[in-house]
file my_file-v4.json (JSON, C-alpha atoms and all ligand atoms)
[["chain", "number", "residue", "atom", "x", "y", "z"],
["Z", 1, "MET", "CA", 44.12, 21.18, 39.34],
["Z", 2, "ASP", "CA", 46.79, 18.47, 39.06],
["Z", 3, "LEU", "CA", 45.15, 15.03, 39.14],
["Z", 4, "GLN", "CA", 48.46, 13.28, 39.76],
["Z", 5, "GLU", "CA", 48.04, 13.86, 43.50],
["Z", 6, "LEU", "CA", 44.66, 12.09, 43.35],
["Z", 7, "SER", "CA", 46.16, 9.18, 41.43],
["Z", 8, "LEU", "CA", 48.88, 8.81, 44.07],
["Z", 9, "ALA", "CA", 46.33, 8.96, 46.90],
["Z", 10, "VAL", "CA", 44.35, 6.12, 45.24],
["Z", 11, "GLN", "CA", 47.54, 4.09, 44.84],
["Z", 12, "ASP", "CA", 48.46, 4.73, 48.48],
["Z", 13, "GLY", "CA", 45.01, 3.51, 49.55],
["Z", 14, "ASP", "CA", 44.41, 6.82, 51.36],
["Z", 15, "ASP", "CA", 40.60, 6.95, 51.15],
["Z", 16, "LYS", "CA", 40.29, 10.11, 53.26],
["Z", 17, "LYS", "CA", 42.65, 12.03, 50.99],
["Z", 18, "VAL", "CA", 40.93, 10.62, 47.89],
["Z", 19, "LYS", "CA", 37.57, 11.98, 49.09],
["Z", 20, "GLU", "CA", 39.10, 15.39, 49.84],
["Z", 21, "LEU", "CA", 40.81, 15.59, 46.44],
["Z", 22, "VAL", "CA", 37.73, 14.47, 44.49],
["Z", 23, "ASN", "CA", 35.66, 17.14, 46.24],
["Z", 24, "LEU", "CA", 38.35, 19.72, 45.59],
["Z", 25, "ALA", "CA", 38.56, 18.77, 41.90],
["Z", 26, "LEU", "CA", 34.79, 19.08, 41.52],
["Z", 27, "GLN", "CA", 34.83, 22.47, 43.26],
["Z", 28, "SER", "CA", 37.63, 23.53, 40.89],
["Z", 29, "LYS", "CA", 35.32, 22.60, 37.97],
["Z", 30, "VAL", "CA", 37.45, 19.71, 36.71],
["Z", 31, "SER", "CA", 35.10, 17.53, 34.65],
["Z", 32, "PRO", "CA", 33.96, 14.34, 36.44],
["Z", 33, "GLU", "CA", 35.10, 12.31, 33.39],
["Z", 34, "ASN", "CA", 38.67, 13.66, 33.75],
["Z", 35, "ILE", "CA", 38.67, 13.01, 37.48],
["Z", 36, "LEU", "CA", 37.61, 9.43, 36.80],
["Z", 37, "ASN", "CA", 39.86, 8.68, 33.82],
["Z", 38, "GLU", "CA", 43.02, 10.57, 34.74],
["Z", 39, "GLY", "CA", 42.84, 10.54, 38.53],
["Z", 40, "MET", "CA", 41.38, 7.12, 39.29],
["Z", 41, "ILE", "CA", 41.32, 4.59, 36.44],
["Z", 42, "GLY", "CA", 44.92, 5.45, 35.60],
["Z", 43, "ALA", "CA", 45.85, 4.78, 39.22],
["Z", 44, "MET", "CA", 44.42, 1.25, 39.03],
["Z", 45, "SER", "CA", 46.48, 0.52, 35.89],
["Z", 46, "ASP", "CA", 49.63, 1.61, 37.73],
["Z", 47, "ILE", "CA", 48.64, -0.57, 40.68],
["Z", 48, "GLY", "CA", 48.18, -3.55, 38.31],
["Z", 49, "GLU", "CA", 51.66, -3.02, 36.84],
["Z", 50, "LYS", "CA", 53.23, -2.86, 40.30],
["Z", 51, "PHE", "CA", 51.42, -6.05, 41.32],
["Z", 52, "LYS", "CA", 52.61, -7.83, 38.18],
["Z", 53, "ASN", "CA", 56.20, -6.77, 38.97],
["Z", 54, "ASN", "CA", 55.91, -7.94, 42.60],
["Z", 55, "GLU", "CA", 56.40, -4.38, 43.86],
["Z", 56, "ILE", "CA", 53.12, -4.61, 45.83],
["Z", 57, "TYR", "CA", 50.89, -7.47, 47.01],
["Z", 58, "VAL", "CA", 47.14, -8.21, 47.42],
["Z", 59, "PRO", "CA", 46.60, -6.08, 50.58],
["Z", 60, "GLU", "CA", 47.90, -2.97, 48.79],
["Z", 61, "MET", "CA", 45.67, -3.73, 45.77],
["Z", 62, "LEU", "CA", 42.72, -4.07, 48.10],
["Z", 63, "MET", "CA", 43.47, -0.76, 49.83],
["Z", 64, "ALA", "CA", 43.73, 0.99, 46.46],
["Z", 65, "ALA", "CA", 40.39, -0.56, 45.43],
["Z", 66, "ARG", "CA", 38.77, 0.73, 48.64],
["Z", 67, "ALA", "CA", 40.21, 4.21, 48.10],
["Z", 68, "MET", "CA", 38.84, 4.20, 44.55],
["Z", 69, "ALA", "CA", 35.41, 3.14, 45.85],
["Z", 70, "ALA", "CA", 35.48, 6.02, 48.35],
["Z", 71, "GLY", "CA", 36.11, 8.48, 45.52],
["Z", 72, "MET", "CA", 33.44, 6.85, 43.36],
["Z", 73, "GLN", "CA", 30.82, 7.41, 46.06],
["Z", 74, "ILE", "CA", 31.25, 11.14, 45.52],
["Z", 75, "LEU", "CA", 31.62, 11.00, 41.73],
["Z", 76, "GLU", "CA", 28.80, 8.60, 40.91],
["Z", 77, "PRO", "CA", 25.85, 10.93, 41.54],
["Z", 78, "VAL", "CA", 27.52, 13.65, 39.51],
["Z", 79, "LEU", "CA", 28.17, 11.31, 36.58],
["Z", 80, "VAL", "CA", 24.77, 9.65, 36.68],
["Z", 81, "GLU", "CA", 22.63, 12.82, 36.79],
["Z", 82, "THR", "CA", 20.36, 12.43, 33.80],
["Z", 83, "GLY", "CA", 16.71, 13.09, 34.47],
["Z", 84, "VAL", "CA", 15.46, 10.88, 31.61],
["Z", 85, "LYS", "CA", 12.98, 8.06, 32.13],
["Z", 86, "PRO", "CA", 14.43, 4.54, 31.76],
["Z", 87, "ILE", "CA", 14.93, 3.41, 28.16],
["Z", 88, "GLY", "CA", 15.35, -0.25, 29.19],
["Z", 89, "LYS", "CA", 16.35, -2.67, 31.91],
["Z", 90, "CYS", "CA", 19.56, -4.49, 32.59],
["Z", 91, "VAL", "CA", 21.04, -6.98, 35.02],
["Z", 92, "ILE", "CA", 24.77, -6.73, 35.61],
["Z", 93, "GLY", "CA", 27.30, -8.67, 37.64],
["Z", 94, "THR", "CA", 30.81, -10.03, 37.85],
["Z", 95, "VAL", "CA", 30.74, -13.74, 37.11],
["Z", 96, "LYS", "CA", 31.20, -16.67, 39.48],
["Z", 97, "GLY", "CA", 34.62, -16.91, 41.13],
["Z", 98, "ASP", "CA", 35.57, -13.31, 40.37],
["Z", 99, "LEU", "CA", 35.69, -10.62, 43.05],
["Z", 100, "HIS", "CA", 36.76, -7.69, 40.86],
["Z", 101, "ASP", "CA", 33.92, -5.20, 40.82],
["Z", 102, "ILE", "CA", 35.41, -1.78, 40.08],
["Z", 103, "GLY", "CA", 35.05, -2.02, 36.29],
["Z", 104, "LYS", "CA", 31.59, -3.53, 36.63],
["Z", 105, "ASN", "CA", 30.57, -0.65, 38.90],
["Z", 106, "LEU", "CA", 31.77, 1.84, 36.30],
["Z", 107, "VAL", "CA", 29.78, 0.10, 33.57],
["Z", 108, "LYS", "CA", 26.72, 0.18, 35.85],
["Z", 109, "MET", "CA", 27.18, 3.87, 36.44],
["Z", 110, "MET", "CA", 27.51, 4.69, 32.73],
["Z", 111, "LEU", "CA", 24.47, 2.56, 31.87],
["Z", 112, "LYS", "CA", 22.47, 4.49, 34.45],
["Z", 113, "GLY", "CA", 23.87, 7.67, 32.94],
["Z", 114, "VAL", "CA", 22.26, 6.91, 29.55],
["Z", 115, "GLY", "CA", 18.93, 6.21, 31.23],
["Z", 116, "ILE", "CA", 18.96, 2.43, 31.69],
["Z", 117, "GLU", "CA", 17.48, 0.89, 34.84],
["Z", 118, "VAL", "CA", 20.20, -1.36, 36.28],
["Z", 119, "VAL", "CA", 19.93, -4.21, 38.77],
["Z", 120, "ASP", "CA", 23.39, -4.96, 40.12],
["Z", 121, "LEU", "CA", 23.88, -8.55, 41.29],
["Z", 122, "GLY", "CA", 27.34, -7.78, 42.68],
["Z", 123, "ALA", "CA", 30.45, -9.91, 42.27],
["Z", 124, "ASP", "CA", 31.02, -13.70, 42.30],
["Z", 125, "VAL", "CA", 27.50, -14.22, 40.99],
["Z", 126, "PRO", "CA", 26.33, -17.80, 40.26],
["Z", 127, "SER", "CA", 25.22, -18.25, 36.63],
["Z", 128, "SER", "CA", 21.64, -19.17, 37.57],
["Z", 129, "GLU", "CA", 21.22, -15.86, 39.45],
["Z", 130, "PHE", "CA", 21.52, -13.91, 36.20],
["Z", 131, "LEU", "CA", 18.68, -15.94, 34.69],
["Z", 132, "LYS", "CA", 16.52, -15.67, 37.79],
["Z", 133, "LYS", "CA", 16.82, -11.89, 38.06],
["Z", 134, "ALA", "CA", 16.60, -11.20, 34.30],
["Z", 135, "GLU", "CA", 13.33, -13.13, 34.08],
["Z", 136, "GLU", "CA", 12.00, -11.54, 37.27],
["Z", 137, "ILE", "CA", 12.49, -7.93, 36.16],
["Z", 138, "GLY", "CA", 11.93, -8.48, 32.41],
["Z", 139, "ALA", "CA", 15.43, -7.29, 31.54],
["Z", 140, "ASP", "CA", 16.50, -6.34, 28.03],
["Z", 141, "LEU", "CA", 20.22, -6.68, 28.61],
["Z", 142, "VAL", "CA", 22.43, -9.09, 30.55],
["Z", 143, "CYS", "CA", 25.84, -7.54, 31.26],
["Z", 144, "LEU", "CA", 28.73, -9.72, 32.42],
["Z", 145, "SER", "CA", 32.14, -8.68, 33.67],
["Z", 146, "ALA", "CA", 35.24, -10.85, 34.27],
["Z", 147, "LEU", "CA", 38.77, -9.75, 35.16],
["Z", 148, "LEU", "CA", 40.54, -13.09, 35.41],
["Z", 149, "THR", "CA", 41.46, -15.43, 32.59],
["Z", 150, "THR", "CA", 40.30, -18.23, 34.90],
["Z", 151, "THR", "CA", 36.79, -16.77, 35.33],
["Z", 152, "MET", "CA", 36.12, -15.81, 31.70],
["Z", 153, "PRO", "CA", 34.61, -19.27, 30.99],
["Z", 154, "ALA", "CA", 31.93, -18.51, 33.60],
["Z", 155, "MET", "CA", 30.54, -15.92, 31.14],
["Z", 156, "GLY", "CA", 29.93, -18.77, 28.71],
["Z", 157, "ASP", "CA", 28.28, -20.74, 31.54],
["Z", 158, "VAL", "CA", 25.79, -17.89, 32.10],
["Z", 159, "ILE", "CA", 24.83, -17.84, 28.42],
["Z", 160, "ARG", "CA", 24.44, -21.63, 28.41],
["Z", 161, "VAL", "CA", 22.04, -21.41, 31.38],
["Z", 162, "PHE", "CA", 19.82, -19.05, 29.33],
["Z", 163, "GLU", "CA", 20.10, -21.33, 26.29],
["Z", 164, "GLN", "CA", 19.12, -24.38, 28.32],
["Z", 165, "ALA", "CA", 16.10, -22.51, 29.70],
["Z", 166, "GLY", "CA", 15.12, -21.68, 26.08],
["Z", 167, "VAL", "CA", 15.14, -17.91, 26.70],
["Z", 168, "LYS", "CA", 18.53, -16.80, 25.34],
["Z", 169, "ASP", "CA", 17.02, -14.91, 22.39],
["Z", 170, "LYS", "CA", 14.93, -12.69, 24.67],
["Z", 171, "TYR", "CA", 18.05, -10.92, 25.88],
["Z", 172, "THR", "CA", 21.08, -9.07, 24.54],
["Z", 173, "PHE", "CA", 24.29, -10.31, 26.16],
["Z", 174, "MET", "CA", 27.11, -7.82, 26.64],
["Z", 175, "ILE", "CA", 30.47, -8.84, 28.04],
["Z", 176, "GLY", "CA", 33.67, -7.07, 29.04],
["Z", 177, "GLY", "CA", 36.64, -6.95, 31.38],
["Z", 178, "ALA", "CA", 40.40, -6.65, 30.87],
["Z", 179, "PRO", "CA", 41.11, -10.15, 29.46],
["Z", 180, "VAL", "CA", 37.93, -10.34, 27.33],
["Z", 181, "THR", "CA", 37.98, -9.86, 23.54],
["Z", 182, "SER", "CA", 35.45, -9.66, 20.72],
["Z", 183, "SER", "CA", 36.58, -13.03, 19.38],
["Z", 184, "TYR", "CA", 35.89, -14.51, 22.81],
["Z", 185, "ALA", "CA", 32.41, -12.95, 22.69],
["Z", 186, "LYS", "CA", 31.78, -14.75, 19.38],
["Z", 187, "GLN", "CA", 33.13, -17.99, 20.82],
["Z", 188, "ILE", "CA", 30.65, -18.00, 23.73],
["Z", 189, "ASN", "CA", 27.71, -16.67, 21.71],
["Z", 190, "ALA", "CA", 27.55, -13.26, 23.42],
["Z", 191, "ASP", "CA", 26.10, -10.40, 21.37],
["Z", 192, "TYR", "CA", 28.61, -7.64, 22.13],
["Z", 193, "TYR", "CA", 32.05, -7.16, 23.61],
["Z", 194, "THR", "CA", 32.96, -3.60, 24.57],
["Z", 195, "PRO", "CA", 36.36, -2.53, 25.90],
["Z", 196, "ASP", "CA", 35.28, 0.15, 28.36],
["Z", 197, "ALA", "CA", 32.35, 1.51, 30.33],
["Z", 198, "GLY", "CA", 31.64, 4.44, 28.01],
["Z", 199, "THR", "CA", 31.47, 2.22, 24.91],
["Z", 200, "ALA", "CA", 29.30, -0.29, 26.81],
["Z", 201, "ALA", "CA", 26.79, 2.47, 27.56],
["Z", 202, "ASP", "CA", 26.80, 3.70, 23.94],
["Z", 203, "VAL", "CA", 26.23, 0.20, 22.58],
["Z", 204, "ALA", "CA", 23.54, -0.59, 25.17],
["Z", 205, "LYS", "CA", 21.68, 2.61, 24.33],
["Z", 206, "ASP", "CA", 21.90, 1.87, 20.62],
["Z", 207, "VAL", "CA", 20.54, -1.67, 21.15],
["Z", 208, "LEU", "CA", 17.59, -0.36, 23.17],
["Z", 209, "VAL", "CA", 16.78, 2.46, 20.75],
["Z", 210, "ARG", "CA", 16.75, -0.05, 17.85],
["Z", 211, "LYS", "CA", 14.62, -2.46, 19.90],
["Z", 212, "ALA", "CA", 12.09, 0.30, 20.66],
["Z", 213, "ALA", "CA", 11.90, 1.22, 16.97],
["Z", 214, "ASN", "CA", 10.96, -2.37, 15.96],
["R", 1, "LIG", "CO1", 43.22, -8.59, 40.95],
["R", 1, "LIG", "N1", 44.06, -9.20, 39.29],
["R", 1, "LIG", "N2", 43.39, -10.39, 41.71],
["R", 1, "LIG", "N3", 42.49, -7.81, 42.58],
["R", 1, "LIG", "N4", 43.47, -6.92, 40.15],
["R", 1, "LIG", "C1", 44.13, -8.25, 38.20],
["R", 1, "LIG", "C2", 42.89, -8.35, 37.31],
["R", 1, "LIG", "C3", 45.47, -8.69, 37.45],
["R", 1, "LIG", "C4", 45.50, -8.35, 35.94],
["R", 1, "LIG", "C5", 46.69, -8.09, 38.20],
["R", 1, "LIG", "C6", 48.02, -8.45, 37.52],
["R", 1, "LIG", "O1", 48.49, -9.55, 37.67],
["R", 1, "LIG", "N5", 48.61, -7.52, 36.79],
["R", 1, "LIG", "C7", 45.46, -10.23, 37.72],
["R", 1, "LIG", "C8", 44.70, -11.09, 36.71],
["R", 1, "LIG", "C9", 45.62, -11.94, 35.86],
["R", 1, "LIG", "C10", 44.83, -12.73, 34.87],
["R", 1, "LIG", "O2", 43.90, -13.42, 35.16],
["R", 1, "LIG", "N6", 45.23, -12.57, 33.64],
["R", 1, "LIG", "C11", 44.79, -10.27, 39.10],
["R", 1, "LIG", "C12", 44.92, -11.34, 40.03],
["R", 1, "LIG", "C13", 45.90, -12.44, 39.62],
["R", 1, "LIG", "C14", 44.20, -11.40, 41.23],
["R", 1, "LIG", "C15", 44.21, -12.53, 42.29],
["R", 1, "LIG", "C16", 44.20, -13.96, 41.72],
["R", 1, "LIG", "C17", 45.44, -12.24, 43.18],
["R", 1, "LIG", "C18", 45.72, -13.27, 44.25],
["R", 1, "LIG", "O3", 44.92, -13.48, 45.13],
["R", 1, "LIG", "N7", 46.87, -13.88, 44.11],
["R", 1, "LIG", "C19", 42.91, -12.23, 43.11],
["R", 1, "LIG", "C20", 41.67, -12.94, 42.55],
["R", 1, "LIG", "C21", 40.47, -12.75, 43.45],
["R", 1, "LIG", "C22", 39.20, -13.21, 42.76],
["R", 1, "LIG", "O4", 38.60, -12.44, 42.01],
["R", 1, "LIG", "N8", 38.77, -14.43, 42.98],
["R", 1, "LIG", "C23", 42.82, -10.76, 42.90],
["R", 1, "LIG", "C24", 42.24, -9.90, 43.82],
["R", 1, "LIG", "C25", 42.14, -8.52, 43.67],
["R", 1, "LIG", "C26", 41.60, -7.61, 44.78],
["R", 1, "LIG", "C27", 40.42, -8.19, 45.54],
["R", 1, "LIG", "C28", 42.73, -7.34, 45.74],
["R", 1, "LIG", "C29", 41.31, -6.29, 43.96],
["R", 1, "LIG", "C30", 39.85, -6.16, 43.48],
["R", 1, "LIG", "C31", 38.99, -5.33, 44.39],
["R", 1, "LIG", "C32", 37.69, -4.98, 43.75],
["R", 1, "LIG", "O5", 37.47, -5.00, 42.53],
["R", 1, "LIG", "N9", 36.76, -4.65, 44.63],
["R", 1, "LIG", "C33", 42.18, -6.49, 42.72],
["R", 1, "LIG", "C34", 42.53, -5.43, 41.83],
["R", 1, "LIG", "C35", 42.18, -4.03, 42.28],
["R", 1, "LIG", "C36", 43.18, -5.68, 40.59],
["R", 1, "LIG", "C37", 43.72, -4.66, 39.56],
["R", 1, "LIG", "C38", 44.97, -4.02, 40.15],
["R", 1, "LIG", "C39", 42.80, -3.52, 39.17],
["R", 1, "LIG", "C40", 41.45, -3.98, 38.59],
["R", 1, "LIG", "C41", 40.62, -2.75, 38.38],
["R", 1, "LIG", "O6", 39.79, -2.44, 39.20],
["R", 1, "LIG", "N10", 40.93, -1.99, 37.31],
["R", 1, "LIG", "C42", 43.98, -5.58, 38.30],
["R", 1, "LIG", "C43", 45.12, -5.07, 37.42],
["R", 1, "LIG", "C44", 44.62, -4.31, 36.20],
["R", 1, "LIG", "O7", 43.48, -4.39, 35.79],
["R", 1, "LIG", "N11", 45.51, -3.57, 35.60],
["R", 1, "LIG", "C45", 44.01, -6.92, 38.88],
["R", 1, "LIG", "C46", 40.26, -0.70, 37.03],
["R", 1, "LIG", "C47", 38.93, -0.97, 36.33],
["R", 1, "LIG", "C48", 38.29, 0.36, 36.03],
["R", 1, "LIG", "O8", 39.24, -1.63, 35.11],
["R", 1, "LIG", "O9", 38.01, -3.74, 35.77],
["R", 1, "LIG", "O10", 39.36, -3.63, 33.63],
["R", 1, "LIG", "P1", 38.50, -2.96, 34.64],
["R", 1, "LIG", "O11", 37.21, -2.40, 33.89],
["R", 1, "LIG", "C49", 37.28, -1.67, 32.70],
["R", 1, "LIG", "C50", 37.17, -2.53, 31.44],
["R", 1, "LIG", "O12", 37.74, -3.83, 31.58],
["R", 1, "LIG", "C51", 35.72, -2.51, 31.13],
["R", 1, "LIG", "O13", 35.28, -1.23, 31.59],
["R", 1, "LIG", "C52", 36.04, -0.81, 32.70],
["R", 1, "LIG", "C53", 36.44, 0.67, 32.60],
["R", 1, "LIG", "O14", 35.98, 1.38, 31.57],
["R", 1, "LIG", "N12", 34.80, -3.50, 31.64],
["R", 1, "LIG", "C54", 33.67, -3.81, 30.93],
["R", 1, "LIG", "C55", 34.77, -4.22, 32.78],
["R", 1, "LIG", "N13", 33.69, -4.97, 32.84],
["R", 1, "LIG", "C56", 32.97, -4.74, 31.71],
["R", 1, "LIG", "C57", 31.74, -5.23, 31.26],
["R", 1, "LIG", "C58", 31.25, -4.76, 30.04],
["R", 1, "LIG", "C59", 31.99, -3.85, 29.27],
["R", 1, "LIG", "C60", 33.18, -3.36, 29.71],
["R", 1, "LIG", "O15", 30.08, -5.17, 29.50],
["R", 1, "LIG", "C61", 29.15, -5.77, 30.31]]

call {"tool": "encode", "arguments": {"input": "my_file-v4.json", "output": "structure tokens", "more": "lines below"}}
Ligand code: B1M
result
Amino acid sequence: MDLQELSLAVQDGDDKKVKELVNLALQSKVSPENILNEGMIGAMSDIGEKFKNNEIYVPEMLMAARAMAAGMQILEPVLVETGVKPIGKCVIGTVKGDLHDIGKNLVKMMLKGVGIEVVDLGADVPSSEFLKKAEEIGADLVCLSALLTTTMPAMGDVIRVFEQAGVKDKYTFMIGGAPVTSSYAKQINADYYTPDAGTAADVAKDVLVRKAAN
């Protein structure tokens, strides 16, 4: 099945068509990873390019994001199916001032997929909320996402809140998002930067397996 039609439906913000095409692709035995990567994530990159070139504006971006979310509702259970008992706990959120949650939702899904229990704080999350929830659930990992150059510093704010409370070393801090880099992770004292959701899940699993072995 040609996933180009799905990509175009996401870009057009046609959530009904996106649902139909995701279902059709699954029935045609296209792998959920291909549906996600080729049909949907690629569509959001194209949308970003068009926005940058002033070919589309915020409302169109928003409609594309909604269409992607509609498709994800169908894909998520298929991708997450795992059956293993939790290997660790994590709190995740997009930092203060940032409303982008699609990438964060993908990271959440992949973390669940490797057997991690995830508490999702949503988007535009105040720094103190990460500390509150991490302490409450006894999290192992704190995962932060930022998509704007202007909100990246809020990731450093979160880590500072944990440092000030004297509990930073209890947790592993993972950060990511399009403008984030590994040198930025070092700069703000985060433990890991990963470029995509799959790598984030691999690294998180590795951290938890090593922790369990100690
Ligand atoms: Co916005 N936006 N947006 N936007 N938006 C970008 C990010 C932008 C690059 C577009 C552009 O100019 N080309 C640009 C940022 C420029 C910059 O800062 N350098 C931008 C802008 C400017 C804005 C506004 C300021 C626009 C305005 O109002 N004038 C505004 C800001 C609002 C705010 O947050 N306060 C805004 C608003 C929006 C919408 C609300 C309309 C919508 C978001 C809806 C939503 O998320 N529910 C939106 C969208 C959709 C985008 C683009 C088109 C797509 C983002 C996306 O979902 N990508 C984006 C352009 C682009 O990225 N090419 C753009 C797909 C997603 C799967 O990728 O989130 O990168 P991503 O996640 C990846 C990795 O980064 C990584 O894994 C994911 C996949 O494997 N990852 C992690 C993410 N988090 C991670 C955490 C980890 C590890 C990996 O560890 C914990």

call {"tool": "closest_residue", "arguments": {"input": "my_file-v4.json", "among": "Z:Gly93, Z:Gly113, Z:Gly138, Z:Gly166", "to": "Ala154 in chain Z", "atoms": "all atoms listed in the file"}}
result
Z:Gly93

call {"tool": "residues_around", "arguments": {"input": "my_file-v4.json", "residues": "Leu62 in chain Z", "least_positions_apart": "6", "cutoff": "12 Å", "atoms": "all atoms listed in the file", "output": "list in words"}}
result
Val10, Gln11, Asp12, Gly13, Asp14, Asp15, Met44, Ile47, Gly48, Phe51, Ile56, Met68, Ala69, Leu99, His100, Asp101 and Ile102 of chain Z

call {"tool": "write_last_selection", "arguments": {"input": "my_file-v4.json", "atoms": "C-alpha atoms", "output": "PDB file, in the coordinates of the input"}}
result
ATOM      1  CA  VAL Z  10      44.350   6.120  45.240  1.00  0.00           C
ATOM      2  CA  GLN Z  11      47.540   4.090  44.840  1.00  0.00           C
ATOM      3  CA  ASP Z  12      48.460   4.730  48.480  1.00  0.00           C
ATOM      4  CA  GLY Z  13      45.010   3.510  49.550  1.00  0.00           C
ATOM      5  CA  ASP Z  14      44.410   6.820  51.360  1.00  0.00           C
ATOM      6  CA  ASP Z  15      40.600   6.950  51.150  1.00  0.00           C
ATOM      7  CA  MET Z  44      44.420   1.250  39.030  1.00  0.00           C
ATOM      8  CA  ILE Z  47      48.640  -0.570  40.680  1.00  0.00           C
ATOM      9  CA  GLY Z  48      48.180  -3.550  38.310  1.00  0.00           C
ATOM     10  CA  PHE Z  51      51.420  -6.050  41.320  1.00  0.00           C
ATOM     11  CA  ILE Z  56      53.120  -4.610  45.830  1.00  0.00           C
ATOM     12  CA  MET Z  68      38.840   4.200  44.550  1.00  0.00           C
ATOM     13  CA  ALA Z  69      35.410   3.140  45.850  1.00  0.00           C
ATOM     14  CA  LEU Z  99      35.690 -10.620  43.050  1.00  0.00           C
ATOM     15  CA  HIS Z 100      36.760  -7.690  40.860  1.00  0.00           C
ATOM     16  CA  ASP Z 101      33.920  -5.200  40.820  1.00  0.00           C
ATOM     17  CA  ILE Z 102      35.410  -1.780  40.080  1.00  0.00           C
TER      18      ILE Z 102
END

call {"tool": "closest_residue", "arguments": {"input": "my_file-v4.json", "among": "Z:Ala25, Z:Leu3, Z:Leu106, Z:Val167", "to": "Asp140 in chain Z", "atoms": "all atoms listed in the file"}}
result
Z:Val167

call {"tool": "closest_residue", "arguments": {"input": "my_file-v4.json", "among": "Z:Gly177, Z:Lys89, Z:Val114, Z:Gly39", "to": "Glu136 in chain Z", "atoms": "all atoms listed in the file"}}
result
Z:Lys89

call {"tool": "closest_residue", "arguments": {"input": "my_file-v4.json", "among": "Z:Gly71, Z:Lys112, Z:Asn53, Z:Ile35", "to": "Lys16 in chain Z", "atoms": "all atoms listed in the file"}}
result
Z:Gly71

call {"tool": "residues_around", "arguments": {"input": "my_file-v4.json", "residues": "Leu131 in chain Z", "least_positions_apart": "6", "cutoff": "8 Å", "atoms": "only C-alpha atoms", "output": "PyMOL selection string"}}
result
chain Z and resi 158+161-162

call {"tool": "residues_around", "arguments": {"input": "my_file-v4.json", "residues": "Ile137 in chain Z", "least_positions_apart": "5", "cutoff": "12 Å", "atoms": "all atoms listed in the file", "output": "list of chain:residue names"}}
result
Z:Gly88, Z:Lys89, Z:Cys90, Z:Val91, Z:Glu117, Z:Val118, Z:Val119, Z:Asp120, Z:Phe130, Z:Leu131, Z:Lys132, Z:Val142

call {"tool": "atom_distance", "arguments": {"input": "my_file-v4.json", "atom1": "CA of Leu21 in chain Z", "atom2": "CA of Val58 in chain Z"}}
result
24.6 Å
